[in-house]
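Below: the structure, in structure tokens.
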Amino acid sequence: MIWVLAGTQDGREIASVLATERKETVLVTVVSEYGKRLAELPNVKVLVGSLDGAAMRDVIKQYQITLLVDASHPYARQVTETVRQVCVELATTYVRYERPPVPLPDYDKLVVVSSAEAAAKAASTLGKVVFLTTGSRTLAAFAQSPTLRNHRLIARVLPDAAVIGQCEALGFTPKDIVALQGPFSEELNCALFQQYEADVIVMKNSGVIGGSDSKLAAAMKLQLAVVVIERQMTSVKENSSVFSEIEPLVAYINQCKKN
């Protein structure tokens with residue numbers, strides 16, 4: 001059986017294509033019930049929950065996984081490192097799908113940093129209202145940063161009860177929580193940035209599917225400062241089983257399954 005770690009829209013699409021083309025059941029893992037509803041497609045079996053290394057080993061053994069497609073979020077580096085190691089240990093074929101980042105423009109108000117903590121420090125020097133579009137997993141780095149103590153933080157997150165509860169536990173009040181599911185158009189980004197009188201936009205470079213291009217375009221249109229948390233790209237040269245397009249990825253998998 002093929003297992004797809006589907007932490008993204010790309011992952012769900014890959015699972016659907018594989019299940020359709022190969023006419024066999026594909027196992028998909030997601031981290032939420034909402035993700036499960038999105039991933040429930042013909043010939044796709046969905047498991048819900050975050051998996052550590054031991055749980056990944058159990059899944060591979062229980063479902064007799066022969067090939068694993070890591071389509072986890074491009075910033076979920078720990079997940080990728082863990083599942084790669086597990087695949088090596090169990091001699092399971094590993095394939096990585098990693099959506100390409102958006103080319104960053106030559107913009108004098110753009111700052112690139114390597115972590116959420118560095119982003120918090122950089123944002124504190126660029127304005128008083130910081131609009132966070134980096135997702136719920138990094139919110140603590142901003143909410144707990146001493147450099148942002150006297151700033152207003154706006155958190156744009158998924159409209160999920162658990163995520164909103166996390167925001168509130170970190171001290172975000174309802175007026176500073178924007179609970180909407182993206183990606184967002186340039187026009188909607190502009191409207192939201194203006195509505196909340198943002199000075200600084202903090203984002204990840206999650207690619208076009210993640211809406212990075214429209215965030216950048218909106219921020220530049222409004223002449224706002226932008227802090228981008230860069231990601232560590234997996235080099236295709238270092239590992240030939242890393243793909244940034246679905247069609248060649250599926251062709252590679254089909255070839256692997258023939259051998």
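Chains: A, B, ... in order of the structure tokens. Residues: from 1 per chain. Ligands: from 1, in order shown.
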
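For Ala119 of chain A, the residues within 8 Å (counting only C-alpha atoms, excluding itself and residues fewer than 6 positions away along the chain) are Val113, Val202, Val227, Val228 and Ile229 of chain A.
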
Output C-alpha atoms of each residue in that selection to a file, as a CSV table (one decimal), in the first residue's frame.
```csv
chain,number,residue,atom,x,y,z
A,113,VAL,CA,14.7,35.7,8.7
A,202,VAL,CA,4.7,38.3,8.9
A,227,VAL,CA,8.9,39.8,7.4
A,228,VAL,CA,9.3,36.4,5.6
A,229,ILE,CA,10.3,33.3,7.5
```

Selection near segment 43-57 of chain A, 10 Å with only C-alpha atoms, sequence-local residues under 4 positions removed, as a PyMOL selection string: chain A and resi 3-6+12+15-16+18-20+22-39+61-62+65+78-79+81-87+89-90

Given only C-alpha atoms as the counted atoms, nearest of A:Ile60, A:Val242, A:Leu216, A:Leu158 to Pro103 of chain A: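 Looking only at the distances to Pro103 of chain A, the closest residue turns out to be A:Leu216.
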
Spatial neighbours of segment 245-252 of chain A, 9 Å, only C-alpha atoms, chain gap at least 5 places, as a list in words: Asp10, Glu13, Ile14, Val17, Leu18, Val95, Arg96, Tyr97, Glu98, Arg99, Pro100 and Lys257 of chain A

Non-local contacts of Gln195 of chain A (12 Å; only C-alpha atoms; under 4 positions in same chain excluded) as a PyMOL selection string: chain A and resi 129+131+154+175-176+178+188-191+199

Within 10 Å of segment 135-151 of chain A using only C-alpha atoms, minus same-chain residues under 2 positions, as a PyMOL selection string: chain A and resi 115-125+127-130+132-133+153-158+163-164+166-167+169-172+203-204

Got time to write the residues from that selection, N, CA and C atoms, as an mmCIF file, in the first residue's frame?
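In the end it all went to again.cif:
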```cif
data_model
loop_
_atom_site.group_PDB
_atom_site.id
_atom_site.type_symbol
_atom_site.label_atom_id
_atom_site.label_comp_id
_atom_site.auth_asym_id
_atom_site.auth_seq_id
_atom_site.Cartn_x
_atom_site.Cartn_y
_atom_site.Cartn_z
ATOM 1 N N SER A 115 13.678 32.108 11.442
ATOM 2 C CA SER A 115 12.832 31.473 12.452
ATOM 3 C C SER A 115 11.737 32.421 12.902
ATOM 4 N N ALA A 116 10.748 31.865 13.598
ATOM 5 C CA ALA A 116 9.667 32.692 14.134
ATOM 6 C C ALA A 116 10.201 33.659 15.186
ATOM 7 N N GLU A 117 11.151 33.199 15.974
ATOM 8 C CA GLU A 117 11.731 34.061 17.002
ATOM 9 C C GLU A 117 12.441 35.255 16.373
ATOM 10 N N ALA A 118 13.174 35.013 15.301
ATOM 11 C CA ALA A 118 13.846 36.107 14.597
ATOM 12 C C ALA A 118 12.826 37.023 13.934
ATOM 13 N N ALA A 119 11.724 36.442 13.471
ATOM 14 C CA ALA A 119 10.663 37.245 12.847
ATOM 15 C C ALA A 119 10.031 38.180 13.866
ATOM 16 N N ALA A 120 9.838 37.694 15.080
ATOM 17 C CA ALA A 120 9.262 38.529 16.139
ATOM 18 C C ALA A 120 10.165 39.719 16.423
ATOM 19 N N LYS A 121 11.449 39.466 16.521
ATOM 20 C CA LYS A 121 12.403 40.540 16.804
ATOM 21 C C LYS A 121 12.437 41.552 15.658
ATOM 22 N N ALA A 122 12.430 41.059 14.424
ATOM 23 C CA ALA A 122 12.472 41.964 13.267
ATOM 24 C C ALA A 122 11.192 42.789 13.173
ATOM 25 N N ALA A 123 10.049 42.142 13.381
ATOM 26 C CA ALA A 123 8.766 42.837 13.268
ATOM 27 C C ALA A 123 8.639 43.954 14.296
ATOM 28 N N SER A 124 9.231 43.740 15.466
ATOM 29 C CA SER A 124 9.111 44.738 16.537
ATOM 30 C C SER A 124 9.739 46.069 16.166
ATOM 31 N N THR A 125 10.667 46.052 15.219
ATOM 32 C CA THR A 125 11.366 47.285 14.829
ATOM 33 C C THR A 125 10.719 47.972 13.628
ATOM 34 N N GLY A 127 7.125 48.354 13.066
ATOM 35 C CA GLY A 127 5.805 48.941 13.239
ATOM 36 C C GLY A 127 5.154 48.460 14.509
ATOM 37 N N LYS A 128 4.023 49.060 14.861
ATOM 38 C CA LYS A 128 3.352 48.731 16.110
ATOM 39 C C LYS A 128 2.223 47.714 15.960
ATOM 40 N N VAL A 129 1.678 47.576 14.762
ATOM 41 C CA VAL A 129 0.611 46.595 14.542
ATOM 42 C C VAL A 129 1.146 45.502 13.626
ATOM 43 N N VAL A 130 1.253 44.298 14.174
ATOM 44 C CA VAL A 130 1.878 43.180 13.457
ATOM 45 C C VAL A 130 0.801 42.161 13.098
ATOM 46 N N LEU A 132 -0.072 38.654 11.765
ATOM 47 C CA LEU A 132 0.569 37.347 11.655
ATOM 48 C C LEU A 132 -0.223 36.414 10.744
ATOM 49 N N THR A 133 0.426 35.913 9.708
ATOM 50 C CA THR A 133 -0.224 34.977 8.778
ATOM 51 C C THR A 133 0.546 33.664 8.713
ATOM 52 N N LEU A 153 -0.827 42.554 18.206
ATOM 53 C CA LEU A 153 -0.642 41.396 17.342
ATOM 54 C C LEU A 153 -1.995 40.920 16.830
ATOM 55 N N ILE A 154 -2.088 40.753 15.534
ATOM 56 C CA ILE A 154 -3.292 40.220 14.896
ATOM 57 C C ILE A 154 -2.965 38.816 14.395
ATOM 58 N N ALA A 155 -3.752 37.831 14.800
ATOM 59 C CA ALA A 155 -3.504 36.442 14.394
ATOM 60 C C ALA A 155 -4.555 35.998 13.383
ATOM 61 N N ARG A 156 -4.122 35.709 12.162
ATOM 62 C CA ARG A 156 -5.041 35.133 11.178
ATOM 63 C C ARG A 156 -4.837 33.625 11.177
ATOM 64 N N VAL A 157 -5.875 32.910 11.568
ATOM 65 C CA VAL A 157 -5.778 31.463 11.759
ATOM 66 C C VAL A 157 -7.005 30.765 11.178
ATOM 67 N N LEU A 158 -6.955 29.440 11.150
ATOM 68 C CA LEU A 158 -8.104 28.658 10.690
ATOM 69 C C LEU A 158 -9.286 28.828 11.645
ATOM 70 N N VAL A 163 -7.990 25.796 17.550
ATOM 71 C CA VAL A 163 -7.013 26.835 17.192
ATOM 72 C C VAL A 163 -7.384 28.165 17.849
ATOM 73 N N ILE A 164 -8.664 28.510 17.829
ATOM 74 C CA ILE A 164 -9.097 29.746 18.463
ATOM 75 C C ILE A 164 -8.858 29.684 19.974
ATOM 76 N N GLN A 166 -6.467 28.054 21.370
ATOM 77 C CA GLN A 166 -5.023 28.249 21.524
ATOM 78 C C GLN A 166 -4.675 29.733 21.489
ATOM 79 N N CYS A 167 -5.300 30.452 20.567
ATOM 80 C CA CYS A 167 -5.066 31.897 20.475
ATOM 81 C C CYS A 167 -5.439 32.593 21.786
ATOM 82 N N ALA A 169 -5.655 31.284 24.742
ATOM 83 C CA ALA A 169 -4.740 30.876 25.821
ATOM 84 C C ALA A 169 -3.435 31.665 25.769
ATOM 85 N N LEU A 170 -3.060 32.115 24.577
ATOM 86 C CA LEU A 170 -1.842 32.905 24.418
ATOM 87 C C LEU A 170 -2.075 34.391 24.650
ATOM 88 N N GLY A 171 -3.318 34.757 24.938
ATOM 89 C CA GLY A 171 -3.603 36.146 25.261
ATOM 90 C C GLY A 171 -4.231 36.963 24.147
ATOM 91 N N PHE A 172 -4.516 36.336 23.008
ATOM 92 C CA PHE A 172 -5.187 37.059 21.926
ATOM 93 C C PHE A 172 -6.667 37.236 22.287
ATOM 94 N N MET A 203 4.914 36.438 7.416
ATOM 95 C CA MET A 203 4.441 35.321 6.599
ATOM 96 C C MET A 203 5.522 34.278 6.412
ATOM 97 N N LYS A 204 5.088 33.112 5.978
ATOM 98 C CA LYS A 204 5.993 32.068 5.512
ATOM 99 C C LYS A 204 5.935 32.050 3.993
#
```

Shell of 12 Å around Phe184 of chain A, only C-alpha atoms, local chain residues under 6 positions omitted, as a PDB file with N, CA, C and O atoms, in the first residue's frame:
```pdb
ATOM      1  N   THR A 133       0.426  35.913   9.708  1.00  0.00           N
ATOM      2  CA  THR A 133      -0.224  34.977   8.778  1.00  0.00           C
ATOM      3  C   THR A 133       0.546  33.664   8.713  1.00  0.00           C
ATOM      4  O   THR A 133       0.514  32.966   7.705  1.00  0.00           O
ATOM      5  N   ARG A 156      -4.122  35.709  12.162  1.00  0.00           N
ATOM      6  CA  ARG A 156      -5.041  35.133  11.178  1.00  0.00           C
ATOM      7  C   ARG A 156      -4.837  33.625  11.177  1.00  0.00           C
ATOM      8  O   ARG A 156      -3.754  33.131  10.835  1.00  0.00           O
ATOM      9  N   CYS A 190      -5.612  42.912   1.057  1.00  0.00           N
ATOM     10  CA  CYS A 190      -5.554  44.375   1.191  1.00  0.00           C
ATOM     11  C   CYS A 190      -6.622  44.872   2.161  1.00  0.00           C
ATOM     12  O   CYS A 190      -6.342  45.695   3.048  1.00  0.00           O
ATOM     13  N   ALA A 191      -7.837  44.364   1.987  1.00  0.00           N
ATOM     14  CA  ALA A 191      -8.945  44.806   2.832  1.00  0.00           C
ATOM     15  C   ALA A 191      -8.687  44.478   4.302  1.00  0.00           C
ATOM     16  O   ALA A 191      -8.932  45.305   5.194  1.00  0.00           O
ATOM     17  N   LEU A 192      -8.181  43.269   4.563  1.00  0.00           N
ATOM     18  CA  LEU A 192      -7.916  42.866   5.946  1.00  0.00           C
ATOM     19  C   LEU A 192      -6.755  43.659   6.545  1.00  0.00           C
ATOM     20  O   LEU A 192      -6.827  44.101   7.701  1.00  0.00           O
ATOM     21  N   PHE A 193      -5.697  43.840   5.773  1.00  0.00           N
ATOM     22  CA  PHE A 193      -4.551  44.590   6.283  1.00  0.00           C
ATOM     23  C   PHE A 193      -4.957  46.030   6.618  1.00  0.00           C
ATOM     24  O   PHE A 193      -4.519  46.597   7.626  1.00  0.00           O
ATOM     25  N   VAL A 208       2.528  29.313  -3.987  1.00  0.00           N
ATOM     26  CA  VAL A 208       1.304  29.899  -4.531  1.00  0.00           C
ATOM     27  C   VAL A 208       0.068  29.309  -3.865  1.00  0.00           C
ATOM     28  O   VAL A 208      -0.877  30.028  -3.520  1.00  0.00           O
ATOM     29  N   ILE A 209       0.060  27.986  -3.650  1.00  0.00           N
ATOM     30  CA  ILE A 209      -1.095  27.355  -3.021  1.00  0.00           C
ATOM     31  C   ILE A 209      -1.308  27.918  -1.619  1.00  0.00           C
ATOM     32  O   ILE A 209      -2.436  28.060  -1.148  1.00  0.00           O
ATOM     33  N   GLY A 210      -0.226  28.258  -0.940  1.00  0.00           N
ATOM     34  CA  GLY A 210      -0.325  28.837   0.388  1.00  0.00           C
ATOM     35  C   GLY A 210      -0.649  30.316   0.379  1.00  0.00           C
ATOM     36  O   GLY A 210      -0.776  30.925   1.448  1.00  0.00           O
ATOM     37  N   GLY A 211      -0.788  30.910  -0.798  1.00  0.00           N
ATOM     38  CA  GLY A 211      -1.173  32.307  -0.909  1.00  0.00           C
ATOM     39  C   GLY A 211      -0.058  33.304  -0.683  1.00  0.00           C
ATOM     40  O   GLY A 211      -0.322  34.497  -0.474  1.00  0.00           O
ATOM     41  N   SER A 212       1.186  32.851  -0.765  1.00  0.00           N
ATOM     42  CA  SER A 212       2.305  33.755  -0.504  1.00  0.00           C
ATOM     43  C   SER A 212       2.373  34.898  -1.513  1.00  0.00           C
ATOM     44  O   SER A 212       2.713  36.030  -1.153  1.00  0.00           O
ATOM     45  N   ASP A 213       2.056  34.596  -2.763  1.00  0.00           N
ATOM     46  CA  ASP A 213       2.128  35.633  -3.799  1.00  0.00           C
ATOM     47  C   ASP A 213       1.128  36.754  -3.552  1.00  0.00           C
ATOM     48  O   ASP A 213       1.455  37.942  -3.686  1.00  0.00           O
ATOM     49  N   SER A 214      -0.096  36.410  -3.148  1.00  0.00           N
ATOM     50  CA  SER A 214      -1.112  37.439  -2.921  1.00  0.00           C
ATOM     51  C   SER A 214      -0.837  38.241  -1.650  1.00  0.00           C
ATOM     52  O   SER A 214      -1.149  39.433  -1.584  1.00  0.00           O
ATOM     53  N   LYS A 215      -0.244  37.620  -0.649  1.00  0.00           N
ATOM     54  CA  LYS A 215       0.142  38.359   0.564  1.00  0.00           C
ATOM     55  C   LYS A 215       1.202  39.405   0.227  1.00  0.00           C
ATOM     56  O   LYS A 215       1.099  40.565   0.646  1.00  0.00           O
ATOM     57  N   LEU A 216       2.207  38.972  -0.514  1.00  0.00           N
ATOM     58  CA  LEU A 216       3.274  39.892  -0.896  1.00  0.00           C
ATOM     59  C   LEU A 216       2.738  41.037  -1.743  1.00  0.00           C
ATOM     60  O   LEU A 216       3.081  42.206  -1.516  1.00  0.00           O
ATOM     61  N   ALA A 217       1.897  40.704  -2.713  1.00  0.00           N
ATOM     62  CA  ALA A 217       1.354  41.733  -3.607  1.00  0.00           C
ATOM     63  C   ALA A 217       0.540  42.751  -2.824  1.00  0.00           C
ATOM     64  O   ALA A 217       0.645  43.970  -3.058  1.00  0.00           O
ATOM     65  N   ALA A 218      -0.271  42.287  -1.890  1.00  0.00           N
ATOM     66  CA  ALA A 218      -1.101  43.192  -1.097  1.00  0.00           C
ATOM     67  C   ALA A 218      -0.250  44.083  -0.209  1.00  0.00           C
ATOM     68  O   ALA A 218      -0.488  45.295  -0.108  1.00  0.00           O
TER      69      ALA A 218
END
```

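For the pair atom CA of Met220 of chain A and atom CA of Tyr107 of chain A, the interatomic distance is 7.7 Å.
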
Of the listed residues A:Asp106, A:Asp160, A:Glu40, A:Glu186, that which approaches Leu222 of chain A most closely, counting only C-alpha atoms: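 Selected residue with least distance to Leu222 of chain A: A:Glu186.
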
In segment 40-224 of chain A, DSSP alpha helix (DSSP H) residues written as a ChimeraX atom specification: /A:53-62,77-90,116-124,139-143,161-169,186-195,212-221

Atom-to-atom span, atom CA of Gly182 of chain A and atom CA of Gln9 of chain A, Å: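 That distance, rounded to one decimal, is 11.3 Å.
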
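Here atom CA of Thr80 of chain A is placed at a distance of 19.6 Å from atom CA of Met1 of chain A.
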
Test item, strand (DSSP E) assignment across segment 16-259 of chain A, answer as a ChimeraX atom specification: /A:26-30,44-48,67-70,93-97,110-113,129-132,152-157,177-179,200-204,225-229,242-243

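The shell of residues at most 6 Å from Val226 of chain A, with only C-alpha atoms counted and near chain neighbours (fewer than 5 positions) removed, consists of Leu110, Val200, Ile201 and Val202 of chain A.
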
Could the residues in this selection be saved with all heavy atoms as a PDB file, in the first residue's frame?
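Result written to selection21.pdb:
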```pdb
ATOM      1  N   LEU A 110      11.117  44.531   2.739  1.00  0.00           N
ATOM      2  CA  LEU A 110      11.043  43.091   2.961  1.00  0.00           C
ATOM      3  C   LEU A 110      12.270  42.622   3.735  1.00  0.00           C
ATOM      4  O   LEU A 110      13.407  42.938   3.370  1.00  0.00           O
ATOM      5  CB  LEU A 110      10.929  42.349   1.629  1.00  0.00           C
ATOM      6  CG  LEU A 110      10.693  40.838   1.692  1.00  0.00           C
ATOM      7  CD1 LEU A 110       9.860  40.387   0.497  1.00  0.00           C
ATOM      8  CD2 LEU A 110      12.014  40.065   1.702  1.00  0.00           C
ATOM      9  N   VAL A 200       3.014  45.819   9.766  1.00  0.00           N
ATOM     10  CA  VAL A 200       3.948  44.754   9.398  1.00  0.00           C
ATOM     11  C   VAL A 200       3.168  43.476   9.120  1.00  0.00           C
ATOM     12  O   VAL A 200       2.281  43.104   9.900  1.00  0.00           O
ATOM     13  CB  VAL A 200       4.964  44.476  10.531  1.00  0.00           C
ATOM     14  CG1 VAL A 200       6.046  43.520  10.044  1.00  0.00           C
ATOM     15  CG2 VAL A 200       5.550  45.754  11.078  1.00  0.00           C
ATOM     16  N   ILE A 201       3.513  42.800   8.036  1.00  0.00           N
ATOM     17  CA  ILE A 201       2.934  41.494   7.722  1.00  0.00           C
ATOM     18  C   ILE A 201       4.018  40.440   7.935  1.00  0.00           C
ATOM     19  O   ILE A 201       5.119  40.558   7.387  1.00  0.00           O
ATOM     20  CB  ILE A 201       2.439  41.425   6.257  1.00  0.00           C
ATOM     21  CG1 ILE A 201       1.538  42.623   5.929  1.00  0.00           C
ATOM     22  CG2 ILE A 201       1.727  40.091   6.010  1.00  0.00           C
ATOM     23  CD1 ILE A 201       0.343  42.777   6.828  1.00  0.00           C
ATOM     24  N   VAL A 202       3.707  39.427   8.722  1.00  0.00           N
ATOM     25  CA  VAL A 202       4.650  38.324   8.930  1.00  0.00           C
ATOM     26  C   VAL A 202       4.097  37.097   8.222  1.00  0.00           C
ATOM     27  O   VAL A 202       2.929  36.737   8.412  1.00  0.00           O
ATOM     28  CB  VAL A 202       4.866  38.031  10.427  1.00  0.00           C
ATOM     29  CG1 VAL A 202       5.895  36.914  10.597  1.00  0.00           C
ATOM     30  CG2 VAL A 202       5.317  39.283  11.168  1.00  0.00           C
TER      31      VAL A 202
END
```
